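See below for the structure under consideration.
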Amino acid sequence: MSGQTVTIPDDRAFASFKAECLCEEGWSINHNKGGITVFTQGLEEGKSIHKIKCRMVCKDVSAETMYDVLHDIEYRRKWDTNVIETFDIGKLTVNADVGYYSWKCPSPLRNRDVITLRTWLPMGKDYIIMNYSVKHPKYPSKKDKVRAVSIQTGYVIQSQGPANSCTLTYMAQVDPRGSLPKWVVNKSSHFLAPRAMKKINKACLKYTEWKQRHNPGFKPWLYPEQTTLPSIPLSELSIQHAESLENIDESSLAETQDREDSD
């Protein structure tokens, strides 16, 4: 998101994000196997913004279930093995909130976290969820983590025909605030991204059963009147400029064996 003030994306922003998710021009295919395709864009000269796009065909998952799984923060804590901590901070509108997410990076890199403004919109039979980084005065950077910047990140879920299937496209434009070693970039596109997509698919297949046992009627992303989040005025938020954050050089770090690499 450009500009100096925090704004809530409008319909044009959603349409633009969807178009970029579906466009393949200017992207290179790094992985194409088992119904999962990973696209990347090269780093621009002098910039550290990493761009990656993943697309997965889910033959036994409806678009509605996928949308629920990507929203359900309690369920994410169960299936997302990369998450360290995640919580909602407050709501802005019926379809926009602010939240915190921290995640494990491949060893020996330092772990990252973000504060993001997230917004969502059903478009016909399709769904869009997207976010970008903001600053909140009560949630400054932590000493043990590197505060990353989401330029624009999100999902497009497309319903596929009359059958119980959908296509999920995930696109991330992130500044990790640091010079990453090449093995991390390669590992992300060839191994970590496909594995993450498979985990989402697996989580979707188990969601209905799990949700029946965990507050089954509670879906504030569908029924905003259910939300218990406090309201946040936009004036409390500001744009998270990458230049104001710590920038570390991890480019010379060697890869160490991750316990989960054998998954």
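Residue names in the structure tokens use chain letters A, B, ... in the order shown, residue numbers from 1 in each chain, and ligand numbers from 1 in the order shown.
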
Select from segment 192-239 of chain A every residue with an atom at most 9 Å from any atom of segment 84-94 of chain A, then for each give the shortest pair of atoms and their distance in Å to one decimal, using only C-alpha atoms, rows by chain and rising number, as a Markdown table.
| residue | atom | partner | partner_atom | distance |
| --- | --- | --- | --- | --- |
| A:Pro220 | CA | A:Val94 | CA | 8.9 |
| A:Trp221 | CA | A:Val94 | CA | 8.1 |
| A:Tyr223 | CA | A:Val94 | CA | 8.7 |
| A:Pro224 | CA | A:Val94 | CA | 5.6 |
| A:Glu225 | CA | A:Val94 | CA | 8.3 |
| A:Thr227 | CA | A:Lys91 | CA | 8.5 |
| A:Thr228 | CA | A:Gly90 | CA | 8.8 |
| A:Leu229 | CA | A:Gly90 | CA | 5.0 |
| A:Pro230 | CA | A:Gly90 | CA | 5.0 |
| A:Ser231 | CA | A:Lys91 | CA | 4.9 |
| A:Ile232 | CA | A:Leu92 | CA | 5.5 |
| A:Pro233 | CA | A:Leu92 | CA | 6.6 |
| A:Leu234 | CA | A:Leu92 | CA | 7.0 |

Residues from the last selection, C-alpha atoms, saved as a PDB file, in the first residue's frame:
ATOM      1  CA  PRO A 220     -17.154 -13.800  12.917  1.00  0.00           C
ATOM      2  CA  TRP A 221     -15.615 -13.496   9.425  1.00  0.00           C
ATOM      3  CA  TYR A 223     -21.178 -13.082  10.918  1.00  0.00           C
ATOM      4  CA  PRO A 224     -19.488  -9.835  12.059  1.00  0.00           C
ATOM      5  CA  GLU A 225     -22.015  -9.353  14.853  1.00  0.00           C
ATOM      6  CA  THR A 227     -16.949 -10.498  17.003  1.00  0.00           C
ATOM      7  CA  THR A 228     -15.709  -9.715  20.499  1.00  0.00           C
ATOM      8  CA  LEU A 229     -12.738  -7.649  19.293  1.00  0.00           C
ATOM      9  CA  PRO A 230     -12.431  -4.035  20.463  1.00  0.00           C
ATOM     10  CA  SER A 231     -12.808  -1.357  17.796  1.00  0.00           C
ATOM     11  CA  ILE A 232      -9.609   0.424  16.728  1.00  0.00           C
ATOM     12  CA  PRO A 233      -9.709   3.879  15.125  1.00  0.00           C
ATOM     13  CA  LEU A 234      -7.609   4.123  11.958  1.00  0.00           C
TER      14      LEU A 234
END

### Query
When distances are computed from only C-alpha atoms, which of A:Ala163, A:Ala63, A:Ile29, A:Ala148 shows the smallest separation from Gly124 of chain A?
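The closest residue to Gly124 of chain A is A:Ala63.
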
### Query
Quick one: of A:Asn30, A:Thr119, A:Leu192, A:Ile73, who's nearest to Asp10 of chain A, counting only C-alpha atoms?
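Closest candidate: A:Thr119.
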
### Query
From the set A:Ile8, A:Val57, A:Ile129, A:Ala96, which residue has the shortest atom-to-atom contact distance to Asn164 of chain A, counting only C-alpha atoms?
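Distance minimum relative to Asn164 of chain A lands on A:Val57.
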
#### Entry: Residue contacts of Arg118 of chain A (10 Å, only C-alpha atoms) excluding same-chain residues fewer than 4 positions away, as a list in words
Ile8, Pro9, Lys91, Leu92, Asn95, Ala96, Asp97, Val98, Gly99, Ile129, Met130, Asn131, Tyr132, Ser133, Val134, Gln152, Thr153 and Gly154 of chain A

Can I get the selected residues back with N, CA, C and O atoms, as a compact mmCIF listing (two decimals), in the first residue's frame?
# COMPACT_ATOMS: atom_id res chain seq x y z
N ILE A 8 -8.20 1.54 4.38
CA ILE A 8 -8.78 0.21 4.21
C ILE A 8 -9.00 -0.01 2.72
O ILE A 8 -9.61 0.82 2.05
N PRO A 9 -8.48 -1.11 2.16
CA PRO A 9 -8.59 -1.35 0.71
C PRO A 9 -10.05 -1.31 0.24
O PRO A 9 -10.95 -1.80 0.92
N LYS A 91 -10.72 -4.70 15.68
CA LYS A 91 -11.42 -4.60 14.40
C LYS A 91 -11.48 -3.15 13.94
O LYS A 91 -11.48 -2.21 14.74
N LEU A 92 -11.50 -2.98 12.63
CA LEU A 92 -11.63 -1.66 12.01
C LEU A 92 -13.02 -1.47 11.42
O LEU A 92 -13.66 -0.45 11.61
N ASN A 95 -15.28 -6.00 7.82
CA ASN A 95 -14.41 -6.90 7.07
C ASN A 95 -12.95 -6.44 7.06
O ASN A 95 -12.22 -6.61 6.08
N ALA A 96 -12.52 -5.88 8.19
CA ALA A 96 -11.11 -5.47 8.32
C ALA A 96 -10.72 -5.50 9.80
O ALA A 96 -11.48 -5.06 10.66
N ASP A 97 -9.53 -6.06 10.07
CA ASP A 97 -9.03 -6.08 11.43
C ASP A 97 -7.52 -5.91 11.43
O ASP A 97 -6.87 -5.80 10.38
N VAL A 98 -6.94 -5.88 12.63
CA VAL A 98 -5.49 -5.76 12.79
C VAL A 98 -5.04 -6.92 13.66
O VAL A 98 -5.70 -7.26 14.66
N GLY A 99 -3.93 -7.56 13.27
CA GLY A 99 -3.48 -8.72 14.03
C GLY A 99 -1.96 -8.86 14.06
O GLY A 99 -1.24 -8.18 13.33
N ILE A 129 -8.65 -12.68 0.65
CA ILE A 129 -8.15 -12.22 1.96
C ILE A 129 -6.79 -11.59 1.68
O ILE A 129 -5.94 -12.20 1.03
N MET A 130 -6.57 -10.36 2.14
CA MET A 130 -5.26 -9.76 1.90
C MET A 130 -4.85 -8.86 3.07
O MET A 130 -5.69 -8.43 3.87
N ASN A 131 -3.55 -8.60 3.17
CA ASN A 131 -3.05 -7.77 4.28
C ASN A 131 -1.85 -6.94 3.86
O ASN A 131 -1.22 -7.21 2.84
N TYR A 132 -1.56 -5.93 4.67
CA TYR A 132 -0.31 -5.19 4.54
C TYR A 132 0.11 -4.70 5.91
O TYR A 132 -0.72 -4.61 6.84
N SER A 133 1.39 -4.42 6.09
CA SER A 133 1.94 -4.08 7.40
C SER A 133 1.55 -2.69 7.86
O SER A 133 1.53 -1.73 7.08
N VAL A 134 1.25 -2.62 9.16
CA VAL A 134 1.00 -1.33 9.81
C VAL A 134 1.76 -1.30 11.13
O VAL A 134 2.23 -2.32 11.62
N GLN A 152 2.31 -6.44 0.44
CA GLN A 152 0.96 -6.93 0.18
C GLN A 152 1.01 -8.46 0.07
O GLN A 152 1.78 -9.01 -0.69
N THR A 153 0.19 -9.09 0.88
CA THR A 153 0.17 -10.54 0.96
C THR A 153 -1.27 -11.00 1.06
O THR A 153 -2.10 -10.30 1.64
N GLY A 154 -1.58 -12.16 0.50
CA GLY A 154 -2.95 -12.63 0.66
C GLY A 154 -3.28 -13.85 -0.18
O GLY A 154 -2.41 -14.48 -0.80

### Task
Show which residues sit within 10 Å of Lys138 of chain A, as an MDAnalysis selection string. Count only C-alpha atoms, and ignore same-chain residues fewer than 2 positions away.
chainID A and resid 89 135:136 140:141 236

Could you write those residues out with N, CA and C atoms, as a short mmCIF file (atom, residue, chain, number, x, y, z; two decimals), in the first residue's frame?
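After the write, again.cif holds the following:
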data_model
loop_
_atom_site.label_atom_id
_atom_site.label_comp_id
_atom_site.auth_asym_id
_atom_site.auth_seq_id
_atom_site.Cartn_x
_atom_site.Cartn_y
_atom_site.Cartn_z
N ILE A 89 -5.78 -8.09 17.27
CA ILE A 89 -5.61 -6.91 18.13
C ILE A 89 -6.93 -6.13 18.23
N LYS A 135 1.83 -0.10 11.72
CA LYS A 135 2.43 0.05 13.05
C LYS A 135 1.32 0.33 14.05
N HIS A 136 1.42 -0.31 15.22
CA HIS A 136 0.49 -0.04 16.32
C HIS A 136 1.33 0.32 17.54
N PRO A 140 5.29 -2.68 19.62
CA PRO A 140 6.56 -2.36 18.95
C PRO A 140 7.35 -3.62 18.62
N SER A 141 8.45 -3.45 17.92
CA SER A 141 9.33 -4.58 17.59
C SER A 141 9.83 -5.25 18.86
N GLU A 236 -5.09 5.36 15.10
CA GLU A 236 -4.10 4.72 15.98
C GLU A 236 -2.99 4.02 15.19
#

#### Entry: Closest of A:Asp68, A:Lys199, A:Val156, A:Arg112 to Phe14 of chain A - atom-to-atom distances counting only C-alpha atoms
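Comparing A:Asp68, A:Lys199, A:Val156, A:Arg112 against Phe14 of chain A, the winner is A:Val156.
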
### Task
Name the closest residue to Pro122 of chain A among the candidates A:Ile52, A:Cys58, A:Ile239, A:Ile157; distances are taken between atoms, counting only C-alpha atoms.
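Of the candidates, the smallest distance to Pro122 of chain A is held by A:Ile157.
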
### alpha helix (DSSP H) positions in segment 16-256 of chain A, given as a PyMOL selection string
chain A and resi 16-22+63-71+73-79+182-187+193-212

### Task
List every residue of segment 55-154 of chain A that DSSP, applied to the backbone of this structure, places in strand (DSSP E), and write the result as a PyMOL selection string.
chain A and resi 55-58+83-93+96-103+112-123+126-135+146-147+149-154

#### Entry: Given only C-alpha atoms as the counted atoms, nearest of A:Ile151, A:Val114, A:Val69, A:Leu168 to Lys211 of chain A
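That would be A:Val69, the residue with the smallest distance to Lys211 of chain A.
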
### Message
So the first atom is atom CA of Lys18 of chain A and the second is atom CA of Met171 of chain A; what is the distance between them in Å, to one decimal place?
### Response
9.7 Å
